$ cat my_file05.txt   # compact mmCIF, C-alpha atoms
# COMPACT_ATOMS: atom_id res chain seq x y z
CA MET A 1 -38.44 5.65 -23.43
CA LEU A 2 -34.82 4.97 -24.32
CA THR A 3 -33.71 1.44 -23.54
CA THR A 4 -30.53 1.20 -25.60
CA THR A 5 -27.21 0.47 -23.95
CA THR A 6 -23.72 1.21 -25.18
CA THR A 7 -20.07 1.32 -24.16
CA ARG A 8 -17.76 4.07 -25.38
CA VAL A 9 -14.79 6.21 -24.41
CA LEU A 10 -15.79 9.23 -22.36
CA GLU A 11 -15.16 12.71 -23.73
CA PRO A 12 -13.37 15.35 -21.60
CA ALA A 13 -16.62 17.31 -21.39
CA GLU A 14 -18.20 14.42 -19.47
CA LEU A 15 -15.98 14.98 -16.43
CA ASP A 16 -18.83 15.92 -14.09
CA ALA A 17 -20.82 12.82 -15.03
CA ALA A 18 -17.77 10.62 -14.43
CA LEU A 19 -17.10 12.21 -11.04
CA ALA A 20 -20.73 11.64 -10.08
CA VAL A 21 -20.30 7.90 -10.69
CA LEU A 22 -16.99 7.85 -8.80
CA ASP A 23 -18.56 9.65 -5.84
CA ARG A 24 -20.98 6.75 -5.29
CA ASP A 25 -18.19 4.84 -3.53
CA PRO A 26 -15.40 7.29 -2.66
CA VAL A 27 -13.36 4.72 -0.71
CA SER A 28 -13.26 1.91 -3.27
CA ASN A 29 -12.86 4.39 -6.12
CA ALA A 30 -10.13 6.53 -4.54
CA PHE A 31 -7.42 5.43 -6.99
CA VAL A 32 -9.42 6.25 -10.12
CA THR A 33 -10.97 9.38 -8.62
CA ALA A 34 -7.56 10.80 -7.73
CA ARG A 35 -6.33 10.29 -11.28
CA VAL A 36 -9.43 11.83 -12.83
CA GLN A 37 -9.37 14.83 -10.52
CA ALA A 38 -5.72 15.46 -11.36
CA ALA A 39 -5.83 14.81 -15.11
CA GLY A 40 -9.41 15.02 -16.31
CA LEU A 41 -10.55 12.58 -19.00
CA ASP A 42 -8.08 13.35 -21.76
CA PRO A 43 -6.35 9.99 -22.41
CA TRP A 44 -2.88 11.51 -22.79
CA ARG A 45 -3.04 13.22 -19.40
CA LEU A 46 -5.02 10.44 -17.71
CA GLY A 47 -2.63 7.72 -18.82
CA GLY A 48 -5.40 5.66 -20.34
CA GLU A 49 -8.98 5.73 -21.55
CA MET A 50 -12.08 6.00 -19.40
CA TRP A 51 -14.79 3.73 -20.73
CA GLY A 52 -18.39 4.46 -19.90
CA TRP A 53 -21.41 2.17 -19.82
CA TYR A 54 -24.59 4.02 -20.74
CA SER A 55 -28.15 2.83 -20.26
CA GLY A 56 -30.92 4.90 -21.80
CA GLY A 57 -28.38 7.62 -22.49
CA ARG A 58 -27.35 7.83 -18.81
CA LEU A 59 -23.81 7.08 -17.64
CA GLU A 60 -24.08 4.21 -15.13
CA SER A 61 -20.64 2.57 -14.84
CA LEU A 62 -16.99 3.23 -15.66
CA CYS A 63 -13.86 1.27 -16.46
CA TYR A 64 -10.38 2.81 -16.36
CA ALA A 65 -8.23 1.26 -19.08
CA GLY A 66 -4.60 2.20 -18.58
CA ALA A 67 -1.69 0.39 -16.96
CA ASN A 68 -4.43 -1.26 -14.91
CA LEU A 69 -7.94 -2.24 -15.98
CA VAL A 70 -10.26 -1.06 -13.19
CA PRO A 71 -14.06 -1.54 -13.20
CA VAL A 72 -15.89 1.23 -11.32
CA CYS A 73 -19.43 0.82 -9.98
CA ALA A 74 -19.84 -1.78 -12.70
CA THR A 75 -23.16 -3.58 -13.02
CA PRO A 76 -23.19 -7.10 -14.52
CA GLU A 77 -24.39 -5.65 -17.83
CA ALA A 78 -21.61 -3.07 -17.76
CA VAL A 79 -19.00 -5.74 -17.01
CA ARG A 80 -20.08 -7.64 -20.11
CA GLY A 81 -19.80 -4.47 -22.18
CA PHE A 82 -16.35 -3.66 -20.80
CA ALA A 83 -15.17 -7.24 -21.38
CA GLU A 84 -16.25 -7.11 -25.03
CA ARG A 85 -14.44 -3.82 -25.57
CA ALA A 86 -11.33 -5.16 -23.81
CA ARG A 87 -11.32 -8.28 -25.98
CA ARG A 88 -11.49 -6.17 -29.13
CA SER A 89 -8.74 -3.83 -27.93
CA GLY A 90 -6.38 -6.59 -26.79
CA ARG A 91 -4.55 -6.65 -23.48
CA ARG A 92 -2.45 -3.56 -22.82
CA CYS A 93 -2.58 -3.55 -19.01
CA SER A 94 -0.33 -5.24 -16.47
CA SER A 95 -3.21 -6.06 -14.13
CA ILE A 96 -6.96 -6.06 -13.59
CA VAL A 97 -7.88 -4.74 -10.16
CA GLY A 98 -11.06 -3.57 -8.49
CA PRO A 99 -13.98 -4.62 -6.30
CA ALA A 100 -13.91 -8.40 -6.06
CA GLU A 101 -17.33 -9.27 -7.52
CA ALA A 102 -17.08 -7.12 -10.65
CA THR A 103 -13.41 -7.98 -11.19
CA ALA A 104 -14.09 -11.71 -10.91
CA GLU A 105 -16.85 -11.49 -13.51
CA LEU A 106 -14.68 -9.37 -15.79
CA TRP A 107 -11.81 -11.85 -15.56
CA SER A 108 -14.09 -14.84 -16.21
CA LEU A 109 -15.09 -13.20 -19.50
CA LEU A 110 -11.55 -12.16 -20.46
CA GLU A 111 -9.60 -15.23 -19.36
CA PRO A 112 -10.30 -17.29 -22.52
CA SER A 113 -8.64 -14.61 -24.68
CA TRP A 114 -6.30 -12.89 -22.20
CA GLY A 115 -5.22 -15.82 -20.03
CA PRO A 116 -3.43 -17.32 -18.44
CA ALA A 117 -2.63 -14.78 -15.73
CA ARG A 118 0.66 -14.90 -13.88
CA GLU A 119 -1.25 -14.79 -10.60
CA VAL A 120 -4.83 -14.27 -9.45
CA ARG A 121 -5.55 -12.89 -5.98
CA PRO A 122 -9.31 -13.41 -5.64
CA ARG A 123 -9.83 -11.79 -2.26
CA GLN A 124 -7.91 -8.83 -0.87
CA PRO A 125 -9.76 -7.37 2.12
CA LEU A 126 -10.47 -3.63 1.86
CA MET A 127 -9.88 -2.05 5.27
CA VAL A 128 -10.76 1.44 6.48
CA THR A 129 -10.52 3.63 9.55
CA THR A 130 -11.62 7.13 10.48
CA SER A 131 -9.76 7.56 13.76
CA MET A 132 -6.46 7.02 15.50
CA PRO A 133 -5.97 3.89 17.65
CA ALA A 134 -6.25 4.39 21.39
CA ASP A 135 -3.44 2.01 22.33
CA VAL A 136 -0.82 2.27 19.54
CA ALA A 137 1.42 5.32 19.74
CA PRO A 138 2.78 6.70 16.44
CA ASP A 139 6.49 6.04 15.87
CA PRO A 140 8.15 9.46 16.39
CA LEU A 141 10.98 8.46 14.04
CA VAL A 142 8.67 8.00 11.03
CA ARG A 143 8.76 11.15 8.90
CA ARG A 144 8.37 12.39 5.36
CA VAL A 145 11.10 11.23 3.00
CA ARG A 146 13.17 14.15 1.71
CA LYS A 147 13.81 14.74 -1.97
CA SER A 148 17.53 14.31 -1.30
CA GLU A 149 16.87 10.77 0.01
CA MET A 150 15.77 9.14 -3.25
CA GLU A 151 18.81 6.88 -3.26
CA VAL A 152 17.94 5.78 0.27
CA ILE A 153 14.26 5.05 -0.30
CA MET A 154 14.48 3.41 -3.76
CA PRO A 155 16.05 0.09 -2.65
CA ALA A 156 13.29 -0.33 -0.05
CA CYS A 157 10.62 0.48 -2.65
CA VAL A 158 12.06 -2.03 -5.09
CA ALA A 159 12.26 -4.69 -2.36
CA MET A 160 8.65 -4.06 -1.34
CA PHE A 161 7.35 -4.18 -4.91
CA THR A 162 9.26 -7.35 -5.76
CA GLU A 163 8.12 -9.06 -2.57
CA GLU A 164 4.49 -8.03 -3.08
CA VAL A 165 4.04 -8.41 -6.84
CA GLY A 166 6.54 -11.16 -7.56
CA VAL A 167 8.50 -9.33 -10.26
CA SER A 168 10.98 -6.47 -10.09
CA PRO A 169 9.78 -2.98 -11.06
CA LEU A 170 13.19 -2.50 -12.70
CA ALA A 171 12.35 -4.94 -15.50
CA GLY A 172 11.45 -3.65 -18.94
CA ASP A 173 12.39 0.03 -18.95
CA GLY A 174 15.07 -0.30 -16.28
CA GLY A 175 12.72 1.10 -13.66
CA LEU A 176 12.30 4.58 -15.17
CA LEU A 177 8.52 4.69 -14.75
CA TYR A 178 8.69 3.22 -11.26
CA GLN A 179 11.39 5.63 -10.18
CA ALA A 180 9.31 8.51 -11.52
CA ARG A 181 6.31 7.34 -9.46
CA VAL A 182 8.42 7.08 -6.31
CA ALA A 183 9.85 10.54 -7.00
CA GLU A 184 6.32 11.92 -7.40
CA LEU A 185 5.26 10.52 -4.01
CA VAL A 186 8.40 11.88 -2.35
CA GLY A 187 8.02 15.26 -4.04
CA THR A 188 4.40 15.64 -2.95
CA GLY A 189 5.20 14.71 0.66
CA ARG A 190 3.28 11.42 0.57
CA SER A 191 6.24 9.07 1.18
CA PHE A 192 7.08 8.23 4.80
CA ALA A 193 9.87 6.23 6.37
CA ARG A 194 11.91 5.50 9.45
CA ILE A 195 15.53 5.69 8.41
CA GLU A 196 18.42 4.52 10.60
CA ASP A 197 22.09 4.73 9.62
CA GLY A 198 21.12 5.47 6.03
CA ARG A 199 18.85 2.43 5.69
CA VAL A 200 15.06 2.22 5.62
CA VAL A 201 13.58 0.35 8.58
CA PHE A 202 9.89 1.07 7.81
CA LYS A 203 8.17 2.77 4.90
CA ALA A 204 4.72 3.47 3.52
CA GLU A 205 3.08 5.90 1.11
CA ILE A 206 -0.24 7.62 0.69
CA GLY A 207 -0.83 6.60 -2.91
CA ALA A 208 -4.26 7.88 -3.88
CA ALA A 209 -5.81 10.89 -2.20
CA THR A 210 -9.11 12.74 -2.63
CA ARG A 211 -10.98 15.04 -0.28
CA HIS A 212 -13.19 12.10 0.75
CA ALA A 213 -10.66 9.30 1.20
CA CYS A 214 -7.04 8.31 0.79
CA GLN A 215 -5.28 4.99 0.40
CA ILE A 216 -2.10 3.83 2.13
CA GLN A 217 0.13 1.57 0.06
CA GLY A 218 3.63 0.13 -0.07
CA VAL A 219 3.85 -0.77 3.61
CA TRP A 220 7.18 -2.50 4.24
CA VAL A 221 9.46 -3.35 7.15
CA ALA A 222 13.06 -4.40 6.56
CA PRO A 223 13.29 -8.19 7.11
CA GLU A 224 15.79 -7.92 9.94
CA HIS A 225 13.43 -5.63 11.87
CA ARG A 226 10.22 -7.63 11.50
CA GLY A 227 8.39 -8.97 14.54
CA ARG A 228 9.07 -5.86 16.63
CA GLY A 229 5.75 -4.09 16.07
CA LEU A 230 7.26 -1.47 13.77
CA SER A 231 4.52 -1.94 11.19
CA GLU A 232 1.92 -0.96 13.79
CA THR A 233 3.66 2.11 15.21
CA GLY A 234 4.82 3.12 11.73
CA MET A 235 1.30 2.81 10.33
CA ALA A 236 -0.03 4.84 13.25
CA ALA A 237 2.40 7.62 12.33
CA VAL A 238 1.30 7.65 8.68
CA LEU A 239 -2.35 7.38 9.72
CA ASP A 240 -1.98 10.40 12.00
CA TYR A 241 -0.74 12.52 9.11
CA ALA A 242 -3.35 11.17 6.69
CA LEU A 243 -6.30 11.92 8.98
CA ARG A 244 -5.04 15.37 9.97
CA GLU A 245 -3.96 16.63 6.57
CA VAL A 246 -5.38 14.50 3.75
CA ALA A 247 -8.84 12.93 4.18
CA PRO A 248 -11.36 11.85 6.84
CA VAL A 249 -11.29 8.20 5.72
CA VAL A 250 -8.10 6.17 5.29
CA SER A 251 -8.13 2.84 3.46
CA LEU A 252 -5.86 0.08 2.27
CA TYR A 253 -6.21 -3.39 0.84
CA VAL A 254 -4.18 -6.44 1.74
CA ASN A 255 -3.81 -10.03 0.58
CA ASP A 256 -6.12 -12.35 2.50
CA TYR A 257 -3.31 -14.82 3.14
CA ASN A 258 -1.16 -12.17 4.86
CA ALA A 259 -2.47 -12.88 8.34
CA ALA A 260 0.28 -10.93 10.09
CA ALA A 261 -0.39 -7.74 8.14
CA ARG A 262 -4.16 -8.01 8.59
CA ALA A 263 -3.71 -8.44 12.34
CA ALA A 264 -1.36 -5.45 12.50
CA TYR A 265 -3.79 -3.24 10.60
CA ARG A 266 -6.65 -4.31 12.88
CA ARG A 267 -4.58 -3.34 15.91
CA VAL A 268 -4.15 0.12 14.41
CA GLY A 269 -7.93 0.38 14.03
CA PHE A 270 -8.61 -0.69 10.45
CA GLN A 271 -11.76 -2.73 9.85
CA GLU A 272 -12.65 -4.86 6.83
CA VAL A 273 -15.51 -3.38 4.79
CA GLY A 274 -15.23 -5.24 1.50
CA ALA A 275 -12.76 -6.91 -0.80
CA PHE A 276 -10.74 -6.23 -3.92
CA MET A 277 -9.41 -8.71 -6.46
CA SER A 278 -6.25 -8.51 -8.53
CA VAL A 279 -5.28 -10.36 -11.71
CA LEU A 280 -1.56 -9.99 -12.44
CA PHE A 281 0.01 -10.57 -15.88
$ encode --input "my_file05.txt" --output "structure tokens"
Amino acid sequence: MLTTTTTRVLEPAELDAALAVLDRDPVSNAFVTARVQAAGLDPWRLGGEMWGWYSGGRLESLCYAGANLVPVCATPEAVRGFAERARRSGRRCSSIVGPAEATAELWSLLEPSWGPAREVRPRQPLMVTTSMPADVAPDPLVRRVRKSEMEVIMPACVAMFTEEVGVSPLAGDGGLLYQARVAELVGTGRSFARIEDGRVVFKAEIGAATRHACQIQGVWVAPEHRGRGLSETGMAAVLDYALREVAPVVSLYVNDYNAAARAAYRRVGFQEVGAFMSVLF
């Protein structure tokens, strides 16, 4: 009986095996699954390598190594294998993010060579819902952002990113990659906003989407409009679209210290089912 274990980069022909691992937890793995379904396993198209942990010749765990390092269904043994490969490769990612337990173990092994991190967020509740709230009506003014409104939505996106991550997405390449990502979300009809007098009042996007689950991201309310319940009615509007047209399960993750956001999401029907962790460089 084979007992050997190994870590290596997956070949494009191993797509079905990779998808089988991803399907074990379609909600937590939505981000990686969406990328793999769209691009396959070729590193150039995927935007990074997909590492596989094999036990007895069977693929058991994955780790996406691109702009983010993301452990997927990673056992403790797999985490150690991924950490060793990451140490040898050197840090090329801007963050490590994934299910809290595996990510914490991965970071504990990488911190001596990759640290210090700019910020560590050890617990970010993963929240899901499968239905619309009974007592929060969708904001009728929240709609898809039009392609002609890129100049309107970009300042709000930059403000959200800077507020959430702590650095501007315009640093480095002048924001070219970030602008391209925003344009992709707008172009595919997954960017939503309430716009008044040419300014964004509320916005959110459906970032990752598969047939099993999708993930809402980038939720933001203009500072002067906060405290009016717009995050709840706005989220209800995006949730309505997501459930009707995208996937039967809608998820998001939020910082544990953001009590206001967590309370708003609970009022819209989201429930905590787990936790993510993020290490930011």
$ residues_around --input "my_file05.txt" --residues "Cys214 of chain A" --least-positions-apart "4" --cutoff "10 Å" --atoms "only C-alpha atoms" --output "count of residues only"
22
$ atom_distance --input "my_file05.txt" --atom1 "atom CA of Trp107 of chain A" --atom2 "atom CA of Leu46 of chain A"
23.4 Å
$ closest_residue --input "my_file05.txt" --among "A:Pro140, A:Ala261, A:Leu62, A:Leu280" --to "Gly115 of chain A" --atoms "all atoms listed in the file"
A:Leu280
$ closest_residue --input "my_file05.txt" --among "A:Val152, A:Ala237, A:Val182, A:Ala65" --to "Asp197 of chain A" --atoms "only C-alpha atoms"
A:Val152
$ closest_residue --input "my_file05.txt" --among "A:Ala193, A:Ala213, A:Ala222, A:Val120" --to "Glu163 of chain A" --atoms "all atoms listed in the file"
A:Ala222
$ closest_residue --input "my_file05.txt" --among "A:Ala259, A:Ile96, A:Leu141, A:Val36" --to "Glu14 of chain A" --atoms "only C-alpha atoms"
A:Val36
$ closest_residue --input "my_file05.txt" --among "A:Ala83, A:Met50, A:Val158, A:Val142" --to "Tyr241 of chain A" --atoms "all atoms listed in the file"
A:Val142
$ residues_around --input "my_file05.txt" --residues "Tyr253 of chain A" --least-positions-apart "6" --cutoff "7 Å" --atoms "only C-alpha atoms" --output "JSON list (two decimals) with C-alpha atoms, in the frame of the given file"
[["chain", "number", "residue", "atom", "x", "y", "z"],
["A", 124, "GLN", "CA", -7.91, -8.83, -0.87],
["A", 125, "PRO", "CA", -9.76, -7.37, 2.12],
["A", 126, "LEU", "CA", -10.47, -3.63, 1.86],
["A", 127, "MET", "CA", -9.88, -2.05, 5.27]]
$ residues_around --input "my_file05.txt" --residues "Pro43 of chain A" --least-positions-apart "4" --cutoff "10 Å" --atoms "all atoms listed in the file" --output "PDB file with C-alpha atoms, in the coordinates of the input"
ATOM      1  CA  VAL A   9     -14.790   6.210 -24.410  1.00  0.00           C
ATOM      2  CA  LEU A  10     -15.790   9.230 -22.360  1.00  0.00           C
ATOM      3  CA  GLU A  11     -15.160  12.710 -23.730  1.00  0.00           C
ATOM      4  CA  PRO A  12     -13.370  15.350 -21.600  1.00  0.00           C
ATOM      5  CA  ALA A  39      -5.830  14.810 -15.110  1.00  0.00           C
ATOM      6  CA  GLY A  47      -2.630   7.720 -18.820  1.00  0.00           C
ATOM      7  CA  GLY A  48      -5.400   5.660 -20.340  1.00  0.00           C
ATOM      8  CA  GLU A  49      -8.980   5.730 -21.550  1.00  0.00           C
ATOM      9  CA  MET A  50     -12.080   6.000 -19.400  1.00  0.00           C
ATOM     10  CA  ALA A  65      -8.230   1.260 -19.080  1.00  0.00           C
ATOM     11  CA  GLY A  66      -4.600   2.200 -18.580  1.00  0.00           C
TER      12      GLY A  66
END
$ closest_residue --input "my_file05.txt" --among "A:Ala134, A:Val165, A:Ala260, A:Ala18" --to "Arg58 of chain A" --atoms "all atoms listed in the file"
A:Ala18
$ atom_distance --input "my_file05.txt" --atom1 "atom CA of Glu205 of chain A" --atom2 "atom CA of Thr130 of chain A"
17.5 Å
$ atom_distance --input "my_file05.txt" --atom1 "atom CA of Asp240 of chain A" --atom2 "atom CA of Arg143 of chain A"
11.2 Å
$ axis_aligned_box --input "my_file05.txt" --around "segment 228-242 of chain A" --padding-each-side "8 Å" --output "AutoDock Vina command-line options"
--center_x 2.9 --center_y 3.3 --center_z 11.7 --size_x 28.4 --size_y 34.4 --size_z 25.9
$ decode --input "my_file05.txt" --residues "segment 116-153 of chain A" --atoms "N, CA and C atoms" --output "PDB file, in the first residue's frame"
ATOM      1  N   PRO A 116       7.836  40.245   9.584  1.00  0.00           N
ATOM      2  CA  PRO A 116       6.521  40.392  10.208  1.00  0.00           C
ATOM      3  C   PRO A 116       5.450  40.774   9.191  1.00  0.00           C
ATOM      4  N   ALA A 117       4.211  40.491   9.513  1.00  0.00           N
ATOM      5  CA  ALA A 117       3.091  40.917   8.674  1.00  0.00           C
ATOM      6  C   ALA A 117       2.723  42.359   9.020  1.00  0.00           C
ATOM      7  N   ARG A 118       2.130  43.027   8.063  1.00  0.00           N
ATOM      8  CA  ARG A 118       1.633  44.386   8.332  1.00  0.00           C
ATOM      9  C   ARG A 118       0.455  44.332   9.300  1.00  0.00           C
ATOM     10  N   GLU A 119      -0.382  43.318   9.138  1.00  0.00           N
ATOM     11  CA  GLU A 119      -1.534  43.155  10.033  1.00  0.00           C
ATOM     12  C   GLU A 119      -2.004  41.711   9.965  1.00  0.00           C
ATOM     13  N   VAL A 120      -2.432  41.187  11.100  1.00  0.00           N
ATOM     14  CA  VAL A 120      -3.008  39.847  11.170  1.00  0.00           C
ATOM     15  C   VAL A 120      -4.430  39.976  11.718  1.00  0.00           C
ATOM     16  N   ARG A 121      -5.386  39.418  10.986  1.00  0.00           N
ATOM     17  CA  ARG A 121      -6.780  39.412  11.426  1.00  0.00           C
ATOM     18  C   ARG A 121      -7.158  37.952  11.690  1.00  0.00           C
ATOM     19  N   PRO A 122      -7.027  37.520  12.950  1.00  0.00           N
ATOM     20  CA  PRO A 122      -7.112  36.086  13.254  1.00  0.00           C
ATOM     21  C   PRO A 122      -8.499  35.479  13.152  1.00  0.00           C
ATOM     22  N   ARG A 123      -9.525  36.312  13.269  1.00  0.00           N
ATOM     23  CA  ARG A 123     -10.882  35.753  13.198  1.00  0.00           C
ATOM     24  C   ARG A 123     -11.797  36.691  12.426  1.00  0.00           C
ATOM     25  N   GLN A 124     -12.260  36.228  11.288  1.00  0.00           N
ATOM     26  CA  GLN A 124     -13.202  36.974  10.456  1.00  0.00           C
ATOM     27  C   GLN A 124     -14.401  36.057  10.212  1.00  0.00           C
ATOM     28  N   PRO A 125     -15.481  36.262  10.961  1.00  0.00           N
ATOM     29  CA  PRO A 125     -16.629  35.360  10.849  1.00  0.00           C
ATOM     30  C   PRO A 125     -17.105  35.186   9.405  1.00  0.00           C
ATOM     31  N   LEU A 126     -17.314  33.921   9.015  1.00  0.00           N
ATOM     32  CA  LEU A 126     -17.899  33.584   7.721  1.00  0.00           C
ATOM     33  C   LEU A 126     -19.399  33.467   7.932  1.00  0.00           C
ATOM     34  N   MET A 127     -20.165  34.251   7.164  1.00  0.00           N
ATOM     35  CA  MET A 127     -21.615  34.313   7.345  1.00  0.00           C
ATOM     36  C   MET A 127     -22.310  33.894   6.058  1.00  0.00           C
ATOM     37  N   VAL A 128     -23.430  33.183   6.186  1.00  0.00           N
ATOM     38  CA  VAL A 128     -24.153  32.708   5.007  1.00  0.00           C
ATOM     39  C   VAL A 128     -25.649  32.896   5.197  1.00  0.00           C
ATOM     40  N   THR A 129     -26.359  32.913   4.079  1.00  0.00           N
ATOM     41  CA  THR A 129     -27.809  32.879   4.093  1.00  0.00           C
ATOM     42  C   THR A 129     -28.287  32.202   2.819  1.00  0.00           C
ATOM     43  N   THR A 130     -29.500  31.658   2.894  1.00  0.00           N
ATOM     44  CA  THR A 130     -30.103  31.013   1.728  1.00  0.00           C
ATOM     45  C   THR A 130     -31.472  31.596   1.408  1.00  0.00           C
ATOM     46  N   SER A 131     -31.844  32.676   2.096  1.00  0.00           N
ATOM     47  CA  SER A 131     -33.173  33.239   1.887  1.00  0.00           C
ATOM     48  C   SER A 131     -33.173  34.740   2.142  1.00  0.00           C
ATOM     49  N   MET A 132     -34.206  35.401   1.650  1.00  0.00           N
ATOM     50  CA  MET A 132     -34.365  36.826   1.873  1.00  0.00           C
ATOM     51  C   MET A 132     -34.902  37.093   3.277  1.00  0.00           C
ATOM     52  N   PRO A 133     -34.542  38.228   3.883  1.00  0.00           N
ATOM     53  CA  PRO A 133     -35.078  38.564   5.204  1.00  0.00           C
ATOM     54  C   PRO A 133     -36.561  38.907   5.118  1.00  0.00           C
ATOM     55  N   ALA A 134     -37.279  38.581   6.175  1.00  0.00           N
ATOM     56  CA  ALA A 134     -38.721  38.844   6.181  1.00  0.00           C
ATOM     57  C   ALA A 134     -39.043  40.301   6.483  1.00  0.00           C
ATOM     58  N   ASP A 135     -38.139  40.993   7.171  1.00  0.00           N
ATOM     59  CA  ASP A 135     -38.479  42.331   7.660  1.00  0.00           C
ATOM     60  C   ASP A 135     -37.538  43.427   7.187  1.00  0.00           C
ATOM     61  N   VAL A 136     -36.726  43.171   6.158  1.00  0.00           N
ATOM     62  CA  VAL A 136     -35.868  44.213   5.578  1.00  0.00           C
ATOM     63  C   VAL A 136     -36.150  44.271   4.084  1.00  0.00           C
ATOM     64  N   ALA A 137     -36.758  45.354   3.640  1.00  0.00           N
ATOM     65  CA  ALA A 137     -37.113  45.494   2.232  1.00  0.00           C
ATOM     66  C   ALA A 137     -35.898  45.938   1.425  1.00  0.00           C
ATOM     67  N   PRO A 138     -35.671  45.355   0.257  1.00  0.00           N
ATOM     68  CA  PRO A 138     -34.549  45.783  -0.589  1.00  0.00           C
ATOM     69  C   PRO A 138     -34.683  47.247  -0.991  1.00  0.00           C
ATOM     70  N   ASP A 139     -33.563  47.954  -1.007  1.00  0.00           N
ATOM     71  CA  ASP A 139     -33.545  49.352  -1.442  1.00  0.00           C
ATOM     72  C   ASP A 139     -33.830  49.393  -2.946  1.00  0.00           C
ATOM     73  N   PRO A 140     -34.937  50.020  -3.374  1.00  0.00           N
ATOM     74  CA  PRO A 140     -35.258  50.039  -4.804  1.00  0.00           C
ATOM     75  C   PRO A 140     -34.304  50.882  -5.633  1.00  0.00           C
ATOM     76  N   LEU A 141     -33.479  51.699  -4.977  1.00  0.00           N
ATOM     77  CA  LEU A 141     -32.546  52.561  -5.703  1.00  0.00           C
ATOM     78  C   LEU A 141     -31.187  51.887  -5.930  1.00  0.00           C
ATOM     79  N   VAL A 142     -30.969  50.721  -5.332  1.00  0.00           N
ATOM     80  CA  VAL A 142     -29.735  49.967  -5.587  1.00  0.00           C
ATOM     81  C   VAL A 142     -29.896  49.211  -6.901  1.00  0.00           C
ATOM     82  N   ARG A 143     -28.943  49.381  -7.789  1.00  0.00           N
ATOM     83  CA  ARG A 143     -29.013  48.771  -9.124  1.00  0.00           C
ATOM     84  C   ARG A 143     -27.616  48.401  -9.589  1.00  0.00           C
ATOM     85  N   ARG A 144     -27.564  47.695 -10.726  1.00  0.00           N
ATOM     86  CA  ARG A 144     -26.274  47.398 -11.324  1.00  0.00           C
ATOM     87  C   ARG A 144     -25.594  48.693 -11.761  1.00  0.00           C
ATOM     88  N   VAL A 145     -24.284  48.728 -11.570  1.00  0.00           N
ATOM     89  CA  VAL A 145     -23.490  49.865 -12.054  1.00  0.00           C
ATOM     90  C   VAL A 145     -23.296  49.712 -13.560  1.00  0.00           C
ATOM     91  N   ARG A 146     -23.491  50.792 -14.299  1.00  0.00           N
ATOM     92  CA  ARG A 146     -23.332  50.752 -15.751  1.00  0.00           C
ATOM     93  C   ARG A 146     -21.863  50.926 -16.132  1.00  0.00           C
ATOM     94  N   LYS A 147     -21.518  50.386 -17.297  1.00  0.00           N
ATOM     95  CA  LYS A 147     -20.142  50.510 -17.774  1.00  0.00           C
ATOM     96  C   LYS A 147     -19.730  51.969 -17.929  1.00  0.00           C
ATOM     97  N   SER A 148     -20.674  52.828 -18.235  1.00  0.00           N
ATOM     98  CA  SER A 148     -20.372  54.255 -18.401  1.00  0.00           C
ATOM     99  C   SER A 148     -20.150  54.972 -17.072  1.00  0.00           C
ATOM    100  N   GLU A 149     -20.323  54.256 -15.948  1.00  0.00           N
ATOM    101  CA  GLU A 149     -20.221  54.882 -14.624  1.00  0.00           C
ATOM    102  C   GLU A 149     -18.932  54.506 -13.889  1.00  0.00           C
ATOM    103  N   MET A 150     -17.924  54.072 -14.620  1.00  0.00           N
ATOM    104  CA  MET A 150     -16.658  53.713 -13.978  1.00  0.00           C
ATOM    105  C   MET A 150     -16.069  54.875 -13.193  1.00  0.00           C
ATOM    106  N   GLU A 151     -16.142  56.069 -13.720  1.00  0.00           N
ATOM    107  CA  GLU A 151     -15.574  57.221 -13.019  1.00  0.00           C
ATOM    108  C   GLU A 151     -16.363  57.560 -11.761  1.00  0.00           C
ATOM    109  N   VAL A 152     -17.612  57.120 -11.703  1.00  0.00           N
ATOM    110  CA  VAL A 152     -18.438  57.357 -10.518  1.00  0.00           C
ATOM    111  C   VAL A 152     -18.137  56.320  -9.438  1.00  0.00           C
ATOM    112  N   ILE A 153     -18.007  55.059  -9.837  1.00  0.00           N
ATOM    113  CA  ILE A 153     -17.846  53.992  -8.862  1.00  0.00           C
ATOM    114  C   ILE A 153     -16.413  53.885  -8.336  1.00  0.00           C
TER     115      ILE A 153
END
